[in-house]
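To be precise, the following lines are structure01.cif, and they hold mmCIF, N, CA and C atoms.
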```cif
data_entry
#
loop_
_atom_site.group_PDB
_atom_site.id
_atom_site.type_symbol
_atom_site.label_atom_id
_atom_site.label_comp_id
_atom_site.auth_asym_id
_atom_site.auth_seq_id
_atom_site.Cartn_x
_atom_site.Cartn_y
_atom_site.Cartn_z
ATOM 1 N N MET A 115 152.441 44.334 121.450
ATOM 2 C CA MET A 115 152.148 45.555 120.755
ATOM 3 C C MET A 115 152.261 45.317 119.252
ATOM 4 N N ILE A 116 151.311 45.796 118.514
ATOM 5 C CA ILE A 116 151.300 45.614 117.066
ATOM 6 C C ILE A 116 152.346 46.509 116.422
ATOM 7 N N ASP A 117 153.159 45.926 115.551
ATOM 8 C CA ASP A 117 154.147 46.662 114.768
ATOM 9 C C ASP A 117 153.761 46.502 113.303
ATOM 10 N N LEU A 118 153.124 47.518 112.742
ATOM 11 C CA LEU A 118 152.617 47.423 111.373
ATOM 12 C C LEU A 118 153.732 47.336 110.328
ATOM 13 N N ARG A 119 154.971 47.593 110.740
ATOM 14 C CA ARG A 119 156.090 47.420 109.804
ATOM 15 C C ARG A 119 156.419 45.941 109.641
ATOM 16 N N GLN A 120 156.072 45.139 110.637
ATOM 17 C CA GLN A 120 156.401 43.714 110.630
ATOM 18 C C GLN A 120 155.183 42.806 110.479
ATOM 19 N N GLU A 121 154.008 43.316 110.788
ATOM 20 C CA GLU A 121 152.803 42.503 110.796
ATOM 21 C C GLU A 121 151.781 43.049 109.799
ATOM 22 N N LYS A 122 151.137 42.146 109.080
ATOM 23 C CA LYS A 122 150.141 42.545 108.086
ATOM 24 C C LYS A 122 148.811 42.846 108.783
ATOM 25 N N PRO A 123 148.280 44.062 108.582
ATOM 26 C CA PRO A 123 147.014 44.406 109.242
ATOM 27 C C PRO A 123 145.799 43.835 108.504
ATOM 28 N N TYR A 124 144.795 43.479 109.275
ATOM 29 C CA TYR A 124 143.507 43.035 108.744
ATOM 30 C C TYR A 124 142.430 43.851 109.444
ATOM 31 N N THR A 125 141.461 44.347 108.691
ATOM 32 C CA THR A 125 140.331 44.984 109.346
ATOM 33 C C THR A 125 139.650 43.912 110.198
ATOM 34 N N LEU A 126 138.899 44.337 111.194
ATOM 35 C CA LEU A 126 138.243 43.349 112.048
ATOM 36 C C LEU A 126 137.290 42.486 111.221
ATOM 37 N N LYS A 127 136.660 43.088 110.236
ATOM 38 C CA LYS A 127 135.753 42.323 109.368
ATOM 39 C C LYS A 127 136.528 41.287 108.560
ATOM 40 N N ALA A 128 137.682 41.684 108.006
ATOM 41 C CA ALA A 128 138.496 40.756 107.220
ATOM 42 C C ALA A 128 139.136 39.688 108.109
ATOM 43 N N ALA A 129 139.442 40.043 109.344
ATOM 44 C CA ALA A 129 140.070 39.093 110.269
ATOM 45 C C ALA A 129 139.164 37.909 110.562
ATOM 46 N N ARG A 130 137.880 38.098 110.410
ATOM 47 C CA ARG A 130 136.936 36.998 110.642
ATOM 48 C C ARG A 130 137.225 35.804 109.747
ATOM 49 N N ALA A 131 137.857 36.047 108.587
ATOM 50 C CA ALA A 131 138.148 34.973 107.638
ATOM 51 C C ALA A 131 139.404 34.187 108.014
ATOM 52 N N LEU A 132 140.177 34.677 108.973
ATOM 53 C CA LEU A 132 141.380 33.963 109.392
ATOM 54 C C LEU A 132 140.991 32.632 110.024
ATOM 55 N N PRO A 133 141.693 31.563 109.657
ATOM 56 C CA PRO A 133 141.347 30.248 110.218
ATOM 57 C C PRO A 133 141.402 30.219 111.742
ATOM 58 N N GLU A 134 142.308 31.009 112.337
ATOM 59 C CA GLU A 134 142.439 31.026 113.796
ATOM 60 C C GLU A 134 141.182 31.555 114.473
ATOM 61 N N LEU A 135 140.399 32.333 113.746
ATOM 62 C CA LEU A 135 139.203 32.950 114.329
ATOM 63 C C LEU A 135 137.910 32.274 113.882
ATOM 64 N N GLN A 136 138.017 31.085 113.333
ATOM 65 C CA GLN A 136 136.818 30.366 112.918
ATOM 66 C C GLN A 136 136.561 29.201 113.863
ATOM 67 N N ARG A 137 135.299 28.933 114.072
ATOM 68 C CA ARG A 137 134.896 27.788 114.888
ATOM 69 C C ARG A 137 134.116 26.841 113.998
ATOM 70 N N ASN A 138 134.626 25.634 113.871
ATOM 71 C CA ASN A 138 133.981 24.627 113.017
ATOM 72 C C ASN A 138 133.722 25.157 111.623
ATOM 73 N N GLY A 139 134.677 25.937 111.096
ATOM 74 C CA GLY A 139 134.566 26.469 109.744
ATOM 75 C C GLY A 139 133.651 27.669 109.613
ATOM 76 N N LYS A 140 133.088 28.137 110.711
ATOM 77 C CA LYS A 140 132.188 29.288 110.669
ATOM 78 C C LYS A 140 132.883 30.507 111.242
ATOM 79 N N ARG A 141 132.631 31.646 110.638
ATOM 80 C CA ARG A 141 133.227 32.894 111.089
ATOM 81 C C ARG A 141 132.560 33.374 112.372
ATOM 82 N N LEU A 142 133.377 33.977 113.224
ATOM 83 C CA LEU A 142 132.823 34.598 114.419
ATOM 84 C C LEU A 142 132.035 35.838 114.023
ATOM 85 N N ASP A 143 131.113 36.208 114.852
ATOM 86 C CA ASP A 143 130.376 37.440 114.601
ATOM 87 C C ASP A 143 131.326 38.621 114.794
ATOM 88 N N LEU A 144 131.166 39.630 113.977
ATOM 89 C CA LEU A 144 132.019 40.812 114.042
ATOM 90 C C LEU A 144 131.975 41.445 115.430
ATOM 91 N N SER A 145 130.815 41.411 116.069
ATOM 92 C CA SER A 145 130.696 42.020 117.400
ATOM 93 C C SER A 145 131.575 41.307 118.425
ATOM 94 N N THR A 146 131.802 40.002 118.239
ATOM 95 C CA THR A 146 132.662 39.257 119.164
ATOM 96 C C THR A 146 134.091 39.759 119.071
ATOM 97 N N ILE A 147 134.609 39.905 117.853
ATOM 98 C CA ILE A 147 135.986 40.370 117.666
ATOM 99 C C ILE A 147 136.119 41.807 118.160
ATOM 100 N N TYR A 148 135.145 42.626 117.858
ATOM 101 C CA TYR A 148 135.183 44.011 118.329
ATOM 102 C C TYR A 148 135.177 44.047 119.861
ATOM 103 N N ARG A 149 134.354 43.220 120.487
ATOM 104 C CA ARG A 149 134.285 43.165 121.947
ATOM 105 C C ARG A 149 135.621 42.735 122.539
ATOM 106 N N TRP A 150 136.316 41.779 121.878
ATOM 107 C CA TRP A 150 137.628 41.353 122.359
ATOM 108 C C TRP A 150 138.628 42.500 122.324
ATOM 109 N N THR A 151 138.498 43.409 121.337
ATOM 110 C CA THR A 151 139.436 44.541 121.251
ATOM 111 C C THR A 151 139.096 45.611 122.285
ATOM 112 N N GLN A 152 137.831 45.764 122.610
ATOM 113 C CA GLN A 152 137.412 46.833 123.518
ATOM 114 C C GLN A 152 137.375 46.385 124.981
ATOM 115 N N ASN A 153 136.673 45.307 125.264
ATOM 116 C CA ASN A 153 136.472 44.842 126.634
ATOM 117 C C ASN A 153 137.386 43.697 127.022
ATOM 118 N N GLY A 154 137.811 42.913 126.032
ATOM 119 C CA GLY A 154 138.668 41.768 126.291
ATOM 120 C C GLY A 154 137.927 40.624 126.955
ATOM 121 N N CYS A 155 138.698 39.672 127.463
ATOM 122 C CA CYS A 155 138.182 38.521 128.191
ATOM 123 C C CYS A 155 138.901 38.464 129.531
ATOM 124 N N THR A 156 138.212 37.997 130.535
ATOM 125 C CA THR A 156 138.809 37.913 131.863
ATOM 126 C C THR A 156 139.297 36.500 132.112
ATOM 127 N N ARG A 157 140.538 36.406 132.558
ATOM 128 C CA ARG A 157 141.125 35.109 132.891
ATOM 129 C C ARG A 157 141.938 35.284 134.160
ATOM 130 N N ALA A 158 141.657 34.490 135.146
ATOM 131 C CA ALA A 158 142.379 34.518 136.423
ATOM 132 C C ALA A 158 142.432 35.931 136.995
ATOM 133 N N GLY A 159 141.327 36.641 136.883
ATOM 134 C CA GLY A 159 141.236 37.960 137.483
ATOM 135 C C GLY A 159 141.863 39.091 136.695
ATOM 136 N N ARG A 160 142.388 38.802 135.516
ATOM 137 C CA ARG A 160 142.948 39.889 134.708
ATOM 138 C C ARG A 160 142.267 39.929 133.347
ATOM 139 N N THR A 161 142.181 41.123 132.808
ATOM 140 C CA THR A 161 141.525 41.325 131.521
ATOM 141 C C THR A 161 142.556 41.263 130.411
ATOM 142 N N ILE A 162 142.277 40.427 129.412
ATOM 143 C CA ILE A 162 143.166 40.264 128.269
ATOM 144 C C ILE A 162 142.422 40.756 127.040
ATOM 145 N N ARG A 163 143.020 41.715 126.327
ATOM 146 C CA ARG A 163 142.388 42.294 125.140
ATOM 147 C C ARG A 163 143.121 41.877 123.874
ATOM 148 N N LEU A 164 142.358 41.733 122.798
ATOM 149 C CA LEU A 164 142.941 41.516 121.479
ATOM 150 C C LEU A 164 143.533 42.845 121.022
ATOM 151 N N GLU A 165 144.823 42.849 120.713
ATOM 152 C CA GLU A 165 145.483 44.075 120.287
ATOM 153 C C GLU A 165 144.885 44.553 118.966
ATOM 154 N N SER A 166 144.707 45.862 118.875
ATOM 155 C CA SER A 166 144.236 46.474 117.644
ATOM 156 C C SER A 166 144.727 47.911 117.621
ATOM 157 N N VAL A 167 144.776 48.471 116.437
ATOM 158 C CA VAL A 167 145.161 49.875 116.267
ATOM 159 C C VAL A 167 144.241 50.485 115.222
ATOM 160 N N MET A 168 144.171 51.796 115.246
ATOM 161 C CA MET A 168 143.416 52.508 114.223
ATOM 162 C C MET A 168 144.358 52.803 113.061
ATOM 163 N N GLN A 169 143.935 52.469 111.866
ATOM 164 C CA GLN A 169 144.713 52.736 110.660
ATOM 165 C C GLN A 169 143.786 53.411 109.663
ATOM 166 N N GLY A 170 144.000 54.705 109.484
ATOM 167 C CA GLY A 170 143.160 55.446 108.548
ATOM 168 C C GLY A 170 141.690 55.440 108.916
ATOM 169 N N GLY A 171 141.375 55.515 110.185
ATOM 170 C CA GLY A 171 139.981 55.539 110.614
ATOM 171 C C GLY A 171 139.339 54.175 110.722
ATOM 172 N N THR A 172 140.123 53.110 110.501
ATOM 173 C CA THR A 172 139.606 51.748 110.558
ATOM 174 C C THR A 172 140.389 50.967 111.603
ATOM 175 N N ARG A 173 139.688 50.234 112.439
ATOM 176 C CA ARG A 173 140.361 49.422 113.454
ATOM 177 C C ARG A 173 140.872 48.151 112.789
ATOM 178 N N VAL A 174 142.149 47.845 113.031
ATOM 179 C CA VAL A 174 142.776 46.660 112.440
ATOM 180 C C VAL A 174 143.470 45.846 113.524
ATOM 181 N N THR A 175 143.690 44.565 113.216
ATOM 182 C CA THR A 175 144.464 43.672 114.061
ATOM 183 C C THR A 175 145.357 42.850 113.141
ATOM 184 N N THR A 176 146.138 41.942 113.696
ATOM 185 C CA THR A 176 147.040 41.106 112.905
ATOM 186 C C THR A 176 146.935 39.655 113.355
ATOM 187 N N ARG A 177 147.446 38.750 112.526
ATOM 188 C CA ARG A 177 147.457 37.335 112.898
ATOM 189 C C ARG A 177 148.299 37.123 114.147
ATOM 190 N N GLN A 178 149.416 37.848 114.206
ATOM 191 C CA GLN A 178 150.295 37.717 115.363
ATOM 192 C C GLN A 178 149.599 38.199 116.629
ATOM 193 N N ALA A 179 148.804 39.266 116.515
ATOM 194 C CA ALA A 179 148.060 39.768 117.672
ATOM 195 C C ALA A 179 147.032 38.736 118.131
ATOM 196 N N VAL A 180 146.394 38.076 117.173
ATOM 197 C CA VAL A 180 145.431 37.021 117.504
ATOM 198 C C VAL A 180 146.148 35.887 118.241
ATOM 199 N N ALA A 181 147.331 35.507 117.754
ATOM 200 C CA ALA A 181 148.099 34.441 118.404
ATOM 201 C C ALA A 181 148.488 34.845 119.823
ATOM 202 N N ARG A 182 148.921 36.092 120.002
ATOM 203 C CA ARG A 182 149.282 36.557 121.345
ATOM 204 C C ARG A 182 148.064 36.570 122.268
ATOM 205 N N PHE A 183 146.896 36.955 121.726
ATOM 206 C CA PHE A 183 145.658 36.987 122.492
ATOM 207 C C PHE A 183 145.302 35.589 122.990
ATOM 208 N N PHE A 184 145.313 34.612 122.080
ATOM 209 C CA PHE A 184 144.976 33.248 122.478
ATOM 210 C C PHE A 184 146.028 32.661 123.416
ATOM 211 N N ALA A 185 147.291 33.000 123.189
ATOM 212 C CA ALA A 185 148.355 32.514 124.078
ATOM 213 C C ALA A 185 148.155 33.055 125.486
ATOM 214 N N ALA A 186 147.794 34.318 125.590
ATOM 215 C CA ALA A 186 147.555 34.911 126.905
ATOM 216 C C ALA A 186 146.337 34.280 127.575
ATOM 217 N N LEU A 187 145.318 33.972 126.791
ATOM 218 C CA LEU A 187 144.113 33.355 127.352
ATOM 219 C C LEU A 187 144.378 31.933 127.831
ATOM 220 N N THR A 188 145.175 31.193 127.074
ATOM 221 C CA THR A 188 145.423 29.794 127.427
ATOM 222 C C THR A 188 146.626 29.639 128.332
ATOM 223 N N GLY A 189 147.449 30.688 128.413
ATOM 224 C CA GLY A 189 148.647 30.607 129.227
ATOM 225 C C GLY A 189 149.739 29.797 128.560
ATOM 226 N N GLU A 190 149.594 29.551 127.284
ATOM 227 C CA GLU A 190 150.566 28.762 126.537
ATOM 228 C C GLU A 190 151.093 29.580 125.374
ATOM 229 N N TYR A 191 152.227 29.155 124.828
ATOM 230 C CA TYR A 191 152.786 29.799 123.652
ATOM 231 C C TYR A 191 152.114 29.198 122.428
ATOM 232 N N VAL A 192 151.547 30.053 121.604
ATOM 233 C CA VAL A 192 150.912 29.618 120.371
ATOM 234 C C VAL A 192 151.688 30.236 119.226
ATOM 235 N N ARG A 193 152.145 29.412 118.295
ATOM 236 C CA ARG A 193 152.926 29.919 117.171
ATOM 237 C C ARG A 193 152.058 29.953 115.927
ATOM 238 N N VAL A 194 152.026 31.123 115.319
ATOM 239 C CA VAL A 194 151.306 31.291 114.072
ATOM 240 C C VAL A 194 152.338 31.542 112.992
ATOM 241 N N ILE A 195 152.324 30.731 111.954
ATOM 242 C CA ILE A 195 153.269 30.922 110.854
ATOM 243 C C ILE A 195 152.626 31.832 109.833
ATOM 244 N N ASP A 196 153.257 32.954 109.626
ATOM 245 C CA ASP A 196 152.776 33.901 108.637
ATOM 246 C C ASP A 196 153.379 33.495 107.305
ATOM 247 N N ASP A 197 152.530 33.099 106.357
ATOM 248 C CA ASP A 197 152.996 32.599 105.071
ATOM 249 C C ASP A 197 153.908 33.588 104.359
ATOM 250 N N GLU A 198 153.578 34.861 104.421
ATOM 251 C CA GLU A 198 154.395 35.854 103.736
ATOM 252 C C GLU A 198 155.785 35.951 104.358
ATOM 253 N N GLN A 199 155.869 35.966 105.666
ATOM 254 C CA GLN A 199 157.166 36.039 106.329
ATOM 255 C C GLN A 199 157.978 34.783 106.067
ATOM 256 N N GLN A 200 157.326 33.637 106.054
ATOM 257 C CA GLN A 200 158.016 32.380 105.789
ATOM 258 C C GLN A 200 158.554 32.382 104.362
ATOM 259 N N HIS A 201 157.775 32.873 103.422
ATOM 260 C CA HIS A 201 158.200 32.955 102.021
ATOM 261 C C HIS A 201 159.388 33.902 101.880
ATOM 262 N N ASP A 202 159.304 35.061 102.510
ATOM 263 C CA ASP A 202 160.401 36.035 102.446
ATOM 264 C C ASP A 202 161.678 35.468 103.043
ATOM 265 N N GLN A 203 161.554 34.759 104.149
ATOM 266 C CA GLN A 203 162.722 34.156 104.791
ATOM 267 C C GLN A 203 163.354 33.113 103.873
ATOM 268 N N ALA A 204 162.541 32.298 103.226
ATOM 269 C CA ALA A 204 163.061 31.276 102.311
ATOM 270 C C ALA A 204 163.783 31.926 101.133
ATOM 271 N N GLU A 205 163.223 33.007 100.600
ATOM 272 C CA GLU A 205 163.884 33.709 99.497
ATOM 273 C C GLU A 205 165.233 34.274 99.923
ATOM 274 N N ARG A 206 165.305 34.832 101.137
ATOM 275 C CA ARG A 206 166.581 35.363 101.637
ATOM 276 C C ARG A 206 167.621 34.258 101.790
ATOM 277 N N GLU A 207 167.196 33.108 102.298
ATOM 278 C CA GLU A 207 168.121 31.986 102.480
ATOM 279 C C GLU A 207 168.630 31.474 101.132
ATOM 280 N N LEU A 208 167.745 31.400 100.145
ATOM 281 C CA LEU A 208 168.162 30.967 98.814
ATOM 282 C C LEU A 208 169.125 31.981 98.185
ATOM 283 N N ALA A 209 168.834 33.255 98.372
ATOM 284 C CA ALA A 209 169.720 34.300 97.827
ATOM 285 C C ALA A 209 171.081 34.242 98.502
ATOM 286 N N ASP A 210 171.115 34.022 99.807
ATOM 287 C CA ASP A 210 172.379 33.916 100.532
ATOM 288 C C ASP A 210 173.175 32.702 100.069
ATOM 289 N N ALA A 211 172.468 31.634 99.673
ATOM 290 C CA ALA A 211 173.134 30.424 99.206
ATOM 291 C C ALA A 211 173.523 30.523 97.725
ATOM 292 N N GLY A 212 173.136 31.618 97.086
ATOM 293 C CA GLY A 212 173.478 31.817 95.676
ATOM 294 C C GLY A 212 172.593 31.037 94.711
ATOM 295 N N ILE A 213 171.431 30.687 95.157
ATOM 296 C CA ILE A 213 170.497 29.909 94.319
ATOM 297 C C ILE A 213 169.457 30.827 93.733
#
```
Can you present the structure in this file as structure tokens?
Amino acid sequence: MIDLRQEKPYTLKAARALPELQRNGKRLDLSTIYRWTQNGCTRAGRTIRLESVMQGGTRVTTRQAVARFFAALTGEYVRVIDDEQQHDQAERELADAGI
């Protein structure tokens, strides 16, 4: 489930620029990402959808939602490092160390 307090939202159009959603450096068609949010993909008899929410009349998703979607499709754990969260964590650790 998307938690917009913890995850940075991207419009579906902007999400196309995420490296995780590019194939050979090319962006996926917007209709593909939209279809993943609405109809999903079928794997082993179950439908897996890309999580999305409406924010101000615009459908958005997150990098973490994309990672969860691919993890569910592959049946493996996929870790996506969010640069902003990693930066914030490093700043907190430095502040705790008095640096």
Rounded to one decimal in Å, what is the spacing between CA of Arg137 (chain A) and CA of Ala158 (chain A)? 23.8 Å
Apply the PyMOL selection byres ((chain A and resi 130) around 8) to the file shown and report the selected residues as a PDB file with N, CA and C atoms, in the frame of the given file.
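What ended up in part_14.pdb:
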```pdb
ATOM      1  N   TYR A 124     144.795  43.479 109.275  1.00  0.00           N
ATOM      2  CA  TYR A 124     143.507  43.035 108.744  1.00  0.00           C
ATOM      3  C   TYR A 124     142.430  43.851 109.444  1.00  0.00           C
ATOM      4  N   THR A 125     141.461  44.347 108.691  1.00  0.00           N
ATOM      5  CA  THR A 125     140.331  44.984 109.346  1.00  0.00           C
ATOM      6  C   THR A 125     139.650  43.912 110.198  1.00  0.00           C
ATOM      7  N   LEU A 126     138.899  44.337 111.194  1.00  0.00           N
ATOM      8  CA  LEU A 126     138.243  43.349 112.048  1.00  0.00           C
ATOM      9  C   LEU A 126     137.290  42.486 111.221  1.00  0.00           C
ATOM     10  N   LYS A 127     136.660  43.088 110.236  1.00  0.00           N
ATOM     11  CA  LYS A 127     135.753  42.323 109.368  1.00  0.00           C
ATOM     12  C   LYS A 127     136.528  41.287 108.560  1.00  0.00           C
ATOM     13  N   ALA A 128     137.682  41.684 108.006  1.00  0.00           N
ATOM     14  CA  ALA A 128     138.496  40.756 107.220  1.00  0.00           C
ATOM     15  C   ALA A 128     139.136  39.688 108.109  1.00  0.00           C
ATOM     16  N   ALA A 129     139.442  40.043 109.344  1.00  0.00           N
ATOM     17  CA  ALA A 129     140.070  39.093 110.269  1.00  0.00           C
ATOM     18  C   ALA A 129     139.164  37.909 110.562  1.00  0.00           C
ATOM     19  N   ALA A 131     137.857  36.047 108.587  1.00  0.00           N
ATOM     20  CA  ALA A 131     138.148  34.973 107.638  1.00  0.00           C
ATOM     21  C   ALA A 131     139.404  34.187 108.014  1.00  0.00           C
ATOM     22  N   LEU A 132     140.177  34.677 108.973  1.00  0.00           N
ATOM     23  CA  LEU A 132     141.380  33.963 109.392  1.00  0.00           C
ATOM     24  C   LEU A 132     140.991  32.632 110.024  1.00  0.00           C
ATOM     25  N   PRO A 133     141.693  31.563 109.657  1.00  0.00           N
ATOM     26  CA  PRO A 133     141.347  30.248 110.218  1.00  0.00           C
ATOM     27  C   PRO A 133     141.402  30.219 111.742  1.00  0.00           C
ATOM     28  N   GLU A 134     142.308  31.009 112.337  1.00  0.00           N
ATOM     29  CA  GLU A 134     142.439  31.026 113.796  1.00  0.00           C
ATOM     30  C   GLU A 134     141.182  31.555 114.473  1.00  0.00           C
ATOM     31  N   LEU A 135     140.399  32.333 113.746  1.00  0.00           N
ATOM     32  CA  LEU A 135     139.203  32.950 114.329  1.00  0.00           C
ATOM     33  C   LEU A 135     137.910  32.274 113.882  1.00  0.00           C
ATOM     34  N   GLN A 136     138.017  31.085 113.333  1.00  0.00           N
ATOM     35  CA  GLN A 136     136.818  30.366 112.918  1.00  0.00           C
ATOM     36  C   GLN A 136     136.561  29.201 113.863  1.00  0.00           C
ATOM     37  N   LYS A 140     133.088  28.137 110.711  1.00  0.00           N
ATOM     38  CA  LYS A 140     132.188  29.288 110.669  1.00  0.00           C
ATOM     39  C   LYS A 140     132.883  30.507 111.242  1.00  0.00           C
ATOM     40  N   ARG A 141     132.631  31.646 110.638  1.00  0.00           N
ATOM     41  CA  ARG A 141     133.227  32.894 111.089  1.00  0.00           C
ATOM     42  C   ARG A 141     132.560  33.374 112.372  1.00  0.00           C
ATOM     43  N   LEU A 142     133.377  33.977 113.224  1.00  0.00           N
ATOM     44  CA  LEU A 142     132.823  34.598 114.419  1.00  0.00           C
ATOM     45  C   LEU A 142     132.035  35.838 114.023  1.00  0.00           C
ATOM     46  N   ASP A 143     131.113  36.208 114.852  1.00  0.00           N
ATOM     47  CA  ASP A 143     130.376  37.440 114.601  1.00  0.00           C
ATOM     48  C   ASP A 143     131.326  38.621 114.794  1.00  0.00           C
ATOM     49  N   LEU A 144     131.166  39.630 113.977  1.00  0.00           N
ATOM     50  CA  LEU A 144     132.019  40.812 114.042  1.00  0.00           C
ATOM     51  C   LEU A 144     131.975  41.445 115.430  1.00  0.00           C
ATOM     52  N   ILE A 147     134.609  39.905 117.853  1.00  0.00           N
ATOM     53  CA  ILE A 147     135.986  40.370 117.666  1.00  0.00           C
ATOM     54  C   ILE A 147     136.119  41.807 118.160  1.00  0.00           C
TER      55      ILE A 147
END
```
Using DSSP on the backbone, list every residue of chain A that comes out as strand (DSSP E or B), and give them as a VMD selection string. chain A and resid 123 to 125 136 to 137 140 to 141 155 to 157 160 to 162 167 to 169 172 to 176
Using only C-alpha atoms, can you tell me which of A:Ala181, A:Val174, A:Leu187, A:Ile116 comes closest to Ile162 (chain A)? A:Leu187
What does the distance between atom N of Asn153 (chain A) and atom C of Glu121 (chain A) come to in Å, to one decimal place?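 These atoms are spaced 21.7 Å apart.
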Would you compute an axis-aligned box for region 145-151 of chain A, covering every atom listed for it in the file with 6 Å of margin on each side, and report centre and edge lengths in Å to one decimal as JSON?
```
{"center_x": 135.1, "center_y": 42.4, "center_z": 119.3, "size_x": 20.7, "size_y": 18.4, "size_z": 18.5}
```
Contacts of Thr176 (chain A) at 5 Å or less, counting all atoms listed in the file, minus same-chain residues fewer than 3 places along, as a PyMOL selection string? chain A and resi 122-124+179-180
Under the PyMOL selection byres (((chain A and resi 150 and name CA) around 10) and name CA), which residues of this model are included? Write them out as a ChimeraX atom specification. /A:145-149,151-155,161-166,183
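Atom N of Arg206 (chain A) is positioned 24.7 Å from atom C of Met115 (chain A).
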Would you please give, as a ChimeraX atom specification, all residues of region 128-205 of chain A that DSSP assigns to alpha helix (DSSP H) based on the backbone? /A:128-129,144-152,177-188,197-205
